[in-house]
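Working notes for the structure below.
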Amino acid sequence: INDAQVSSIEEVQTILQDLEGQEMELTVLRDEESQEVTTRAAQCSTDGAYKLGAWIRDSMAGIGTLTFVDPETGLFGTLGHGINDVDTAQLMPFSSGSILPSTVKAVKKGGTGSAGELRGDFDLSGDLGTLYANTQSGVFGHLETDASCWDVGEALPVAKSDEVVPGKATILSNVEGDEICAYDIEILSAGTSADGRDMVLRVTDPELIAATGGIVQGMSGSPILQNGRLVGAVTHVLVNDPTRGYGIFAQTMLEQAQQAAKTDHAA
């Protein structure tokens, strides 16, 4: 705004009040192109504040599941899909972000026509890692701490997409407190897709169905294991049948993570 860089709603509000309705120049990024816009804020008749008439979102937070960590590099991936704006459904432009520990406090069970969700609290005492990319295939970053210090057992090999087959599998998920449990699922089909729906899944574990109704929001990113290998991550739920959903191949996530890292380093 008038050549002043702004990065929060509060900064925008301060500038608008200081200008008191004077004409101003906005430099905006629209469809990946920088544009100059001349406008002025109007004084609100209700509270007297100057407002621009623009819906501004400067941050977003939510519960998700960490999919993988490379113990050698600290690179991690989560969600298996991007973080989209809740109003426009568009992939949110990414500036910075972090991953935090969280504890699941409650579960809203999913039902036919109604998606369930995990509800929990963030531990704000410190970040586990920083994010460098928000993509259609997942959100990626690097851990702040040495991944080798985590007591998570041996690293698993990653299956190639053509090695994933219909049949029994398991997912690792946290639906209560901070405990990670393995739950039985079935991979109904495996193919390729451009939107994180490489696999069709069905939850068969009676314990998970009793607790959540199946797949719920917050389980996105839950690792899918088959034959001792990481094959993918849970991404979506079928609203009309919460025991069924979709998953993305782990190979797709890793390729996207590495490509995004190259772009980030180049920038």
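Ordering of the structure tokens sets the chain letters (A, B, ...); residue numbers start at 1 within each chain; ligands are numbered from 1 in the order shown.
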
Neighbouring residues of range 55-63 of chain A were defined as those with any atom within 9 Å, considering only C-alpha atoms; residues of the same chain fewer than 2 positions away were excluded. Please report them as a PyMOL selection string.
chain A and resi 7-9+52-53+65+83+85+97+102+104+118-122+217-220

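Every protein, DNA or RNA residue with an atom at most 10 Å from Ser161 in chain A, where only C-alpha atoms count and chain neighbours fewer than 4 positions away do not, is listed here: Val165, Ala190, Gly191, Thr192, Asp198, Val231, Gly232, Ile248, Phe249, Ala250, Gln251 and Thr252 of chain A.
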
Spatial neighbours of range 18-28 of chain A, max dist 10 Å, only C-alpha atoms, sep filter under 5 positions, as a PDB file with C-alpha atoms, in the first residue's frame:
ATOM      1  CA  ILE A   1       0.000   0.000   0.000  1.00  0.00           C
ATOM      2  CA  ASN A   2       1.669   3.223  -1.217  1.00  0.00           C
ATOM      3  CA  ASP A   3       4.941   1.249  -1.516  1.00  0.00           C
ATOM      4  CA  ALA A   4       4.683   0.049   2.108  1.00  0.00           C
ATOM      5  CA  GLN A   5       4.885  -3.736   2.473  1.00  0.00           C
ATOM      6  CA  GLN A  13      -6.104  -1.330   9.198  1.00  0.00           C
ATOM      7  CA  GLU A  33       0.736 -11.125 -12.141  1.00  0.00           C
ATOM      8  CA  SER A  34       1.539  -7.912 -10.270  1.00  0.00           C
ATOM      9  CA  GLN A  35      -1.005  -5.135 -10.853  1.00  0.00           C
ATOM     10  CA  GLU A  36      -1.358  -1.515  -9.729  1.00  0.00           C
ATOM     11  CA  VAL A  37      -4.764  -0.409  -8.427  1.00  0.00           C
ATOM     12  CA  THR A  38      -5.797   3.093  -7.341  1.00  0.00           C
ATOM     13  CA  THR A  39      -8.523   3.266  -4.689  1.00  0.00           C
ATOM     14  CA  ARG A  40      -9.567   4.931  -1.431  1.00  0.00           C
ATOM     15  CA  ALA A  41     -11.062   3.632   1.809  1.00  0.00           C
ATOM     16  CA  ALA A  42     -14.568   4.678   2.896  1.00  0.00           C
ATOM     17  CA  GLN A  43     -15.544   5.710   6.397  1.00  0.00           C
ATOM     18  CA  ALA A  49     -13.385   3.414  10.918  1.00  0.00           C
ATOM     19  CA  TYR A  50     -11.997   3.593   7.389  1.00  0.00           C
ATOM     20  CA  LYS A  51     -12.480   0.340   5.494  1.00  0.00           C
ATOM     21  CA  LEU A  52     -11.387  -0.882   2.100  1.00  0.00           C
TER      22      LEU A  52
END

Please return as an MDAnalysis selection string: the residues of range 28-267 of chain A that backbone DSSP assigns to strand (DSSP E).
chainID A and resid 28:30 33:39 42:43 50:51 66:69 75:78 98:99 102:108 117:122 129:135 138:143 167:173 181:190 199:203 223:226 229:238 241:249

For the atom pair CA of Pro157 in chain A and CA of Gly129 in chain A, what is the interatomic distance in Å to one decimal place?
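Going from CA of Pro157 in chain A over to CA of Gly129 in chain A covers 22.9 Å.
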
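With CA of Ala261 in chain A on one side and CA of Gly141 in chain A on the other, the separation reads 8.6 Å.
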
Write out as a tab-separated table (two decimals) with N, CA, C and O atoms, in the first residue's frame all residues of range 25-211 of chain A that backbone DSSP assigns to alpha helix (DSSP H).
chain	number	residue	atom	x	y	z
A	206	PRO	N	-13.00	-52.01	13.17
A	206	PRO	CA	-14.19	-51.68	13.97
A	206	PRO	C	-13.90	-50.65	15.06
A	206	PRO	O	-14.78	-49.85	15.41
A	207	GLU	N	-12.68	-50.63	15.59
A	207	GLU	CA	-12.34	-49.67	16.64
A	207	GLU	C	-12.34	-48.24	16.10
A	207	GLU	O	-12.86	-47.31	16.74
A	208	LEU	N	-11.78	-48.06	14.90
A	208	LEU	CA	-11.74	-46.72	14.30
A	208	LEU	C	-13.14	-46.27	13.90
A	208	LEU	O	-13.52	-45.11	14.10
A	209	ILE	N	-13.93	-47.19	13.34
A	209	ILE	CA	-15.31	-46.84	12.95
A	209	ILE	C	-16.13	-46.44	14.17
A	209	ILE	O	-16.91	-45.49	14.13
A	210	ALA	N	-15.92	-47.15	15.28
A	210	ALA	CA	-16.66	-46.82	16.50
A	210	ALA	C	-16.26	-45.45	17.04
A	210	ALA	O	-17.08	-44.71	17.58
A	211	ALA	N	-14.99	-45.09	16.88
A	211	ALA	CA	-14.49	-43.83	17.44
A	211	ALA	C	-14.82	-42.63	16.57
A	211	ALA	O	-15.16	-41.55	17.06

Show which residues sit within 7 Å of Phe140 in chain A, as a PyMOL selection string. Count only C-alpha atoms, and ignore same-chain residues fewer than 2 positions away.
chain A and resi 76-78+131-134+138+257

Keeping only all heavy atoms, write those residues as a CSV table (one decimal), in the first residue's frame.
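New file result-v7.csv:
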chain,number,residue,atom,x,y,z
A,76,PHE,N,9.9,-33.1,5.8
A,76,PHE,CA,8.7,-33.8,6.1
A,76,PHE,C,7.5,-33.4,5.2
A,76,PHE,O,7.6,-32.3,4.5
A,76,PHE,CB,8.3,-33.5,7.6
A,76,PHE,CG,7.8,-32.1,7.9
A,76,PHE,CD1,6.6,-31.6,7.6
A,76,PHE,CD2,8.7,-31.2,8.5
A,76,PHE,CE1,6.2,-30.3,7.8
A,76,PHE,CE2,8.4,-29.9,8.7
A,76,PHE,CZ,7.1,-29.4,8.4
A,77,GLY,N,6.5,-34.2,5.1
A,77,GLY,CA,5.4,-34.0,4.3
A,77,GLY,C,4.1,-34.3,5.1
A,77,GLY,O,4.1,-35.2,6.0
A,78,THR,N,3.1,-33.6,4.9
A,78,THR,CA,1.8,-33.7,5.6
A,78,THR,C,0.6,-33.5,4.7
A,78,THR,O,0.7,-32.9,3.6
A,78,THR,CB,1.8,-32.8,6.9
A,78,THR,OG1,0.6,-33.0,7.6
A,78,THR,CG2,1.9,-31.4,6.5
A,131,LEU,N,7.6,-24.6,7.3
A,131,LEU,CA,7.1,-25.0,6.0
A,131,LEU,C,7.7,-24.2,4.9
A,131,LEU,O,8.1,-23.0,5.1
A,131,LEU,CB,5.6,-24.7,6.0
A,131,LEU,CG,4.7,-25.3,7.1
A,131,LEU,CD1,3.3,-25.0,6.9
A,131,LEU,CD2,4.9,-26.8,7.3
A,132,TYR,N,7.9,-24.9,3.8
A,132,TYR,CA,8.4,-24.1,2.6
A,132,TYR,C,7.5,-24.2,1.4
A,132,TYR,O,7.8,-23.5,0.4
A,132,TYR,CB,9.8,-24.6,2.3
A,132,TYR,CG,9.9,-26.0,1.8
A,132,TYR,CD1,9.6,-26.4,0.4
A,132,TYR,CD2,10.4,-27.1,2.6
A,132,TYR,CE1,9.8,-27.7,0.0
A,132,TYR,CE2,10.5,-28.4,2.1
A,132,TYR,CZ,10.2,-28.7,0.8
A,132,TYR,OH,10.3,-30.0,0.4
A,133,ALA,N,6.5,-25.1,1.4
A,133,ALA,CA,5.6,-25.2,0.2
A,133,ALA,C,4.2,-25.7,0.6
A,133,ALA,O,4.1,-26.6,1.4
A,133,ALA,CB,6.3,-26.2,-0.8
A,134,ASN,N,3.3,-25.1,0.0
A,134,ASN,CA,1.9,-25.5,0.0
A,134,ASN,C,1.5,-25.9,-1.4
A,134,ASN,O,1.3,-25.0,-2.3
A,134,ASN,CB,1.0,-24.4,0.6
A,134,ASN,CG,-0.5,-24.7,0.6
A,134,ASN,OD1,-0.9,-25.9,0.7
A,134,ASN,ND2,-1.4,-23.7,0.4
A,138,GLY,N,0.4,-31.8,-1.2
A,138,GLY,CA,0.7,-31.8,0.3
A,138,GLY,C,1.5,-30.5,0.7
A,138,GLY,O,1.8,-29.7,-0.1
A,257,ALA,N,7.6,-32.9,-3.1
A,257,ALA,CA,8.4,-32.2,-2.0
A,257,ALA,C,9.7,-31.9,-2.5
A,257,ALA,O,10.3,-30.8,-2.2
A,257,ALA,CB,8.5,-33.2,-0.8

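Compared by their closest atoms to Leu225 in chain A, and using only C-alpha atoms, the residues A:Gln136, A:Ser173, A:Ser45, A:Gln256 rank with A:Ser173 nearest.
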
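In terms of minimum interatomic distance to Ile187 in chain A, A:Met199 ranks closest within A:Met199, A:Leu238, A:Leu79, A:Met253, counting only C-alpha atoms.
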
Residues within 9 Å of Lys108 in chain A, please, as a list of chain:residue names. Count only C-alpha atoms; anything in the same chain fewer than 3 positions from it doesn't count.
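Everything that qualifies: A:Ala115, A:Gly116, A:Glu117, A:Leu118, A:Arg119, A:Thr212, A:Gly213, A:Val216.
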
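Minimum distance to Glu176 in chain A across A:Thr135, A:Lys262, A:Gln90, A:Ala106 (counting only C-alpha atoms) occurs at A:Ala106.
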